[in-house]
Every structure is written in structure tokens, then in C-alpha cells.
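Structure data (CSV, C-alpha atoms) from protein-v2.csv:
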chain,number,residue,atom,x,y,z
A,1,MET,CA,0.0,0.0,0.0
A,2,SER,CA,1.4,3.4,-1.0
A,3,ARG,CA,1.8,6.1,1.6
A,4,LEU,CA,0.9,8.6,-1.0
A,5,VAL,CA,-2.6,9.3,-2.2
A,6,GLU,CA,-3.3,7.7,-5.5
A,7,ARG,CA,-5.6,9.1,-8.3
A,8,ASP,CA,-8.0,6.1,-8.0
A,9,GLU,CA,-8.6,7.0,-4.4
A,10,ILE,CA,-10.2,10.4,-5.2
A,11,LEU,CA,-13.9,10.4,-5.9
A,12,ASP,CA,-15.6,12.8,-8.2
A,13,PHE,CA,-17.2,15.7,-6.3
A,14,GLU,CA,-20.8,14.4,-6.8
A,15,THR,CA,-20.0,10.9,-5.4
A,16,TYR,CA,-18.0,12.4,-2.6
A,17,GLY,CA,-20.9,14.7,-1.7
A,18,GLU,CA,-23.0,11.6,-1.1
A,19,VAL,CA,-20.5,10.1,1.4
A,20,ARG,CA,-19.0,13.3,2.8
A,21,ASP,CA,-20.7,13.3,6.2
A,22,LYS,CA,-19.5,9.7,6.9
A,23,VAL,CA,-16.0,10.6,5.7
A,24,ARG,CA,-15.9,13.7,7.9
A,25,GLN,CA,-16.9,11.7,11.0
A,26,GLU,CA,-14.1,9.2,10.2
A,27,ILE,CA,-11.4,11.8,9.5
A,28,PHE,CA,-12.2,13.7,12.7
A,29,LYS,CA,-11.4,10.4,14.6
A,30,VAL,CA,-8.2,10.1,12.6
A,31,LYS,CA,-7.1,13.6,13.4
A,32,GLU,CA,-7.9,13.6,17.1
A,33,PRO,CA,-4.8,11.8,18.3
A,34,ARG,CA,-2.7,13.6,15.8
A,35,ARG,CA,-3.7,17.1,17.0
A,36,VAL,CA,-1.2,18.5,19.6
A,37,HIS,CA,-1.7,21.9,21.3
A,38,VAL,CA,1.5,23.7,22.4
A,39,GLY,CA,0.6,26.6,24.5
A,40,GLU,CA,-2.5,28.7,23.7
A,41,ASP,CA,-1.6,29.7,20.2
A,42,LEU,CA,0.0,26.7,18.4
A,43,THR,CA,-1.7,23.6,17.1
A,44,PHE,CA,0.3,20.9,15.4
A,45,LEU,CA,-1.8,18.6,13.2
A,46,PHE,CA,0.3,15.6,12.2
A,47,GLU,CA,-0.8,14.5,8.7
A,48,ASN,CA,-1.0,11.2,7.0
A,49,LYS,CA,-2.4,9.6,3.9
A,50,ALA,CA,-6.0,9.7,5.2
A,51,THR,CA,-5.8,13.4,6.2
A,52,MET,CA,-4.3,14.4,2.9
A,53,ARG,CA,-6.9,12.4,1.0
A,54,TYR,CA,-9.6,14.2,2.9
A,55,GLN,CA,-8.0,17.6,2.0
A,56,ILE,CA,-7.8,16.7,-1.6
A,57,GLN,CA,-11.4,15.5,-1.7
A,58,GLU,CA,-12.5,18.8,0.0
A,59,MET,CA,-10.6,20.8,-2.6
A,60,VAL,CA,-12.1,18.8,-5.5
A,61,ARG,CA,-15.6,19.4,-3.9
A,62,VAL,CA,-15.2,23.1,-3.2
A,63,GLU,CA,-13.6,23.9,-6.5
A,64,ARG,CA,-16.0,21.4,-8.3
A,65,MET,CA,-13.0,20.0,-10.2
A,66,VAL,CA,-13.7,17.9,-13.2
A,67,LYS,CA,-10.5,18.4,-15.3
A,68,GLU,CA,-8.1,15.7,-14.8
A,69,ALA,CA,-5.1,18.1,-14.8
A,70,SER,CA,-6.6,20.0,-11.9
A,71,ILE,CA,-7.1,16.9,-9.8
A,72,LEU,CA,-3.6,15.6,-10.6
A,73,HIS,CA,-2.2,19.0,-9.6
A,74,GLU,CA,-3.9,18.7,-6.2
A,75,LEU,CA,-2.6,15.2,-5.8
A,76,GLU,CA,0.9,16.3,-6.5
A,77,THR,CA,0.7,19.3,-4.2
A,78,TYR,CA,-0.7,17.5,-1.2
A,79,ASN,CA,1.5,14.4,-1.7
A,80,GLN,CA,4.6,16.6,-1.5
A,81,LEU,CA,3.4,17.7,1.9
A,82,LEU,CA,3.6,14.1,3.1
A,83,GLY,CA,7.4,14.2,2.6
A,84,SER,CA,9.6,11.2,2.5
A,85,PRO,CA,9.5,7.9,4.3
A,86,GLY,CA,10.8,8.4,7.9
A,87,GLU,CA,9.4,11.9,8.1
A,88,LEU,CA,6.4,13.1,10.1
A,89,PRO,CA,4.4,15.7,8.0
A,90,CYS,CA,2.6,18.3,10.0
A,91,SER,CA,0.4,21.4,9.6
A,92,LEU,CA,1.0,24.1,12.1
A,93,LEU,CA,-1.9,26.4,12.8
A,94,ILE,CA,-1.1,29.6,14.6
A,95,GLU,CA,-4.5,30.3,16.2
A,96,ILE,CA,-4.8,33.9,17.5
A,97,GLY,CA,-8.3,35.3,17.4
A,98,ASP,CA,-7.6,39.0,17.9
A,99,PRO,CA,-6.4,40.4,14.5
A,100,GLU,CA,-4.1,43.0,16.1
A,101,GLU,CA,-2.4,40.5,18.4
A,102,ARG,CA,-2.1,38.0,15.6
A,103,ALA,CA,-0.4,40.6,13.3
A,104,GLN,CA,2.0,41.5,16.2
A,105,LYS,CA,2.9,38.0,17.0
A,106,LEU,CA,3.3,36.9,13.4
A,107,THR,CA,5.8,39.7,13.1
A,108,GLN,CA,7.6,38.8,16.4
A,109,TRP,CA,7.7,35.1,15.5
A,110,LEU,CA,9.1,35.6,12.0
A,111,ASP,CA,11.8,33.0,12.6
A,112,LEU,CA,9.5,30.5,14.5
A,113,PRO,CA,9.8,27.7,12.0
A,114,LYS,CA,13.5,27.4,12.7
A,115,HIS,CA,12.7,26.8,16.4
A,116,LEU,CA,10.0,24.1,16.1
A,117,TYR,CA,11.0,20.6,17.1
A,118,VAL,CA,9.8,17.1,18.1
A,119,LYS,CA,11.6,15.6,21.0
A,120,MET,CA,12.7,12.0,20.8
A,121,SER,CA,12.8,9.5,23.7
A,122,ASP,CA,16.6,10.1,24.2
A,123,GLY,CA,16.0,13.8,24.6
A,124,ALA,CA,17.3,14.7,21.2
A,125,LYS,CA,15.4,17.5,19.3
A,126,VAL,CA,14.6,17.0,15.6
A,127,TYR,CA,13.9,20.4,14.1
A,128,ALA,CA,11.3,21.0,11.4
A,129,LEU,CA,11.9,21.3,7.7
A,130,TYR,CA,9.7,24.0,6.2
A,131,ASP,CA,8.9,25.9,3.1
A,132,GLU,CA,10.8,29.2,3.3
A,133,GLY,CA,8.1,30.7,1.0
A,134,GLN,CA,5.7,30.6,3.9
A,135,VAL,CA,7.9,33.1,5.8
A,136,GLY,CA,7.6,36.6,4.4
A,137,GLU,CA,10.1,39.4,4.8
A,138,ASP,CA,8.2,40.9,7.7
A,139,ARG,CA,5.5,38.4,8.7
A,140,LEU,CA,5.0,34.7,9.2
A,141,SER,CA,2.1,32.8,7.6
A,142,ALA,CA,-0.5,31.6,10.2
A,143,VAL,CA,-0.4,28.2,8.6
A,144,GLN,CA,2.9,26.4,8.2
A,145,TYR,CA,3.5,23.0,6.5
A,146,LEU,CA,6.3,21.2,8.2
A,147,ARG,CA,8.2,17.9,8.1
A,148,PHE,CA,10.1,16.4,10.9
A,149,PRO,CA,12.9,14.0,9.7
A,150,THR,CA,12.7,11.5,12.6
A,151,GLU,CA,14.2,8.6,10.7
A,152,GLY,CA,11.0,6.6,11.3
A,153,LYS,CA,11.0,7.0,15.1
A,154,ALA,CA,8.0,8.4,16.9
A,155,PRO,CA,8.6,11.4,19.2
A,156,VAL,CA,7.6,11.9,22.8
A,157,ALA,CA,7.0,15.7,22.8
A,158,VAL,CA,6.5,18.7,20.5
A,159,GLY,CA,7.8,22.2,21.2
A,160,THR,CA,9.4,25.4,20.3
A,161,ASP,CA,12.5,27.0,21.7
A,162,HIS,CA,11.9,30.4,20.1
A,163,PRO,CA,13.3,33.1,22.4
A,164,ALA,CA,9.8,34.7,22.7
A,165,LEU,CA,8.0,31.4,22.9
A,166,ARG,CA,9.5,28.5,24.8
A,167,LEU,CA,6.9,25.8,25.2
A,168,GLU,CA,6.8,22.0,25.0
A,169,THR,CA,3.9,19.5,25.2
A,170,ALA,CA,4.5,15.8,26.0
A,171,LEU,CA,2.6,13.4,23.7
A,172,ASN,CA,0.3,11.0,25.4
A,173,SER,CA,0.3,7.3,24.6
A,174,ASP,CA,-2.5,7.6,22.0
A,175,GLN,CA,-0.6,10.4,20.2
A,176,GLN,CA,2.7,8.5,20.3
A,177,ALA,CA,0.9,5.3,18.9
A,178,ALA,CA,-0.8,7.3,16.1
A,179,LEU,CA,2.5,8.8,15.0
A,180,ALA,CA,4.3,5.5,15.2
A,181,LYS,CA,1.6,3.9,13.1
A,182,ASP,CA,2.0,6.7,10.5
A,183,LEU,CA,5.7,6.2,10.3
A,184,ASN,CA,5.4,2.5,9.8
A,185,SER,CA,2.7,2.7,7.0
As C-alpha cells, please, write out the structure in this file.
Amino acid sequence: MSRLVERDEILDFETYGEVRDKVRQEIFKVKEPRRVHVGEDLTFLFENKATMRYQIQEMVRVERMVKEASILHELETYNQLLGSPGELPCSLLIEIGDPEERAQKLTQWLDLPKHLYVKMSDGAKVYALYDEGQVGEDRLSAVQYLRFPTEGKAPVAVGTDHPALRLETALNSDQQAALAKDLNS
């Protein structure tokens, strides 16, 4: 079984619409142990084939895609986010409700992606690989796509050692098991 989403796994938007409620219920269960809150503002959502397939299906539905080239483009884009074997892909959501505070922090945290890590059982920190295009000259994007090259080993914590934001959250056993499963599939 491929760890990437294949074309034959994507339904046309009409068929998907018929099963969407069921798919959404299932994907929320998949996402639950892969969602890690670090402090009040950072949510790490570790991705896998199922979550990427859901994202692609949602894009096909919202955009009402029928052209094969458009669907293939979505597949290529989202599959790139899954990274390479041995890496943990992750979407980081910087969730700050107040627009002024958000603007201020996204400016202060401009170099945050360099300071994001997963901690391994031996205490070693594995820092994120990220798309530098998501970091502007004066402001960080509120959504970051990351990959943690853990060499196939599941971490025990997620954190940041940014000078203005030093936080770490230990992963519970369900979270560790979900990430270990993703790394082995």
C-alpha cells in the first residue's frame, strides 16, 4: 500500500458529496490523536495519507473540479506535503483570534519555523523542515507546512525554543501510537 494518495482513491465531487458526512466523521477520529496543542496559540496537526486524501477531496468538492489536470495538480501538491519515508508531516496552525495581536505575534515570531521541534525518547530534538516561501520578509504565515525527519521513530514531545515562545507538550500514549503507526505505514 502506498503512503501517497493515488488518483483512483479520489472520488468525483458528486459521489464524494453523497458520502461526505461519513468521511468527515471518520477523519475527525483520525485527526484527534494527531492534534497537539502547544501553549495557547500553536496547534500541530500531524498529517498522514488519510488526512491528505480528505484535504484533496475537499478541494475537489469546493472547486467542483472535473478536469483531470486540476485533480492531478492537487494530488501532486498534497502528496509533496507528506514528505519522504521516515518523516512526520505536520500542519502548524497559529491560532490567535484577535487580529491586532495576531499581526503583532506573526511579526515577532518571523523565525519561528527554525525553532519548532519534536523531542525523541533520548531527549534529542529534531527540528522542522519547512517551506521558506511561507515566511515573508516581515511576517509569518499563520499556517505552516512542516516535516520532521525523525528517521522513522516516533517522538515523545513537540515544542518550540523560540526566544519569545519557549513551550513543550508531552505526547500522550495515544498520540505516540498514532504517529508510530503513520511512520510504519
- Minimum-distance residue to Ile71 of chain A, chosen among A:Leu167, A:Ala157, A:Met52, A:Met59 (using only C-alpha atoms):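 Of the candidates, the smallest distance to Ile71 of chain A is held by A:Met59.
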- Counting all atoms listed in the file, which of A:Val5, A:Leu93, A:Val66, A:Ala154 gets nearest to Asn172 of chain A?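 Closest candidate: A:Ala154.
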- How many Å separate atom CA of Glu101 of chain A from atom CA of Phe44 of chain A? 20.0 Å
- Leu4 of chain A surroundings by only C-alpha atoms, 7 Å radius, close-in-sequence under 2 positions cut, as a PyMOL selection string: chain A and resi 2+6+49+79
- Message: List as a PyMOL selection string the protein and nucleic acid residues near Asp138 of chain A, meaning an atom at most 10 Å away when all atoms listed in the file are counted, but skip any in the same chain fewer than 5 places from it.
- Response: chain A and resi 106-111
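Restricting the calculation to all atoms listed in the file, the smallest distance between Glu168 of chain A and any of A:Val143, A:Val36, A:Leu88, A:Val62 is found for A:Val36.
Residue nearest Met65 of chain A within the list A:Thr51, A:Asp12, A:Arg166, A:Pro149: A:Asp12 [criterion: smallest interatomic distance, all atoms listed in the file].
Distances here use only C-alpha atoms; by that measure, the residue among A:Ala178, A:Ala164, A:Leu129, A:Leu11 closest to Glu68 of chain A is A:Leu11.
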- Among the residues A:Gln80, A:Thr160, A:Asn184, A:Gln57, the one that comes closest to Tyr16 of chain A [using all atoms listed in the file]: A:Gln57
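Around Ser91 of chain A, within 8 Å and counting all atoms listed in the file, the residues found are A:Phe44, A:Leu45, A:Phe46, A:Glu47, A:Val143, A:Gln144, A:Tyr145, A:Leu146, once anything fewer than 4 positions away on its own chain is removed.
Atom CA of Gly159 of chain A is positioned 17.9 Å from atom CA of Asp174 of chain A.
Separating atom CA of Arg34 of chain A from atom CA of Leu179 of chain A is a distance of 7.1 Å.
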- Query: What lies within 12 Å of Gly123 of chain A using only C-alpha atoms, ignoring chain neighbours under 6 positions off, as a PyMOL selection string?
  - Reply: chain A and resi 117+155-158+170
With the cut-off set at 12 Å and counting only C-alpha atoms, tabulate each residue of segment 52-74 of chain A with an atom at most that distance from an atom of segment 18-33 of chain A, showing the nearest atom pair and its distance in Å to one decimal, ordered by chain and increasing number, as a tab-separated table.
residue	atom	partner	partner_atom	distance
A:Met52	CA	A:Ile27	CA	10.0
A:Arg53	CA	A:Ile27	CA	9.6
A:Tyr54	CA	A:Ile27	CA	7.2
A:Gln55	CA	A:Ile27	CA	10.1
A:Gln57	CA	A:Arg20	CA	9.1
A:Glu58	CA	A:Arg20	CA	9.0
A:Arg61	CA	A:Arg20	CA	9.7
Taking all atoms listed in the file into account, produce a table as CSV in which each residue of segment 99-159 of chain A with an atom at most 6 Å from an atom of segment 81-87 of chain A appears once, together with its shortest atom pair and the distance in Å to one decimal, ordered by chain and rising number.
residue,atom,partner,partner_atom,distance
A:Phe148,CA,A:Glu87,CA,5.3
A:Pro149,CA,A:Glu87,CA,4.4
A:Thr150,CA,A:Glu87,CA,5.6
A:Glu151,CA,A:Gly86,CA,4.4
A:Gly152,CA,A:Gly86,CA,3.9
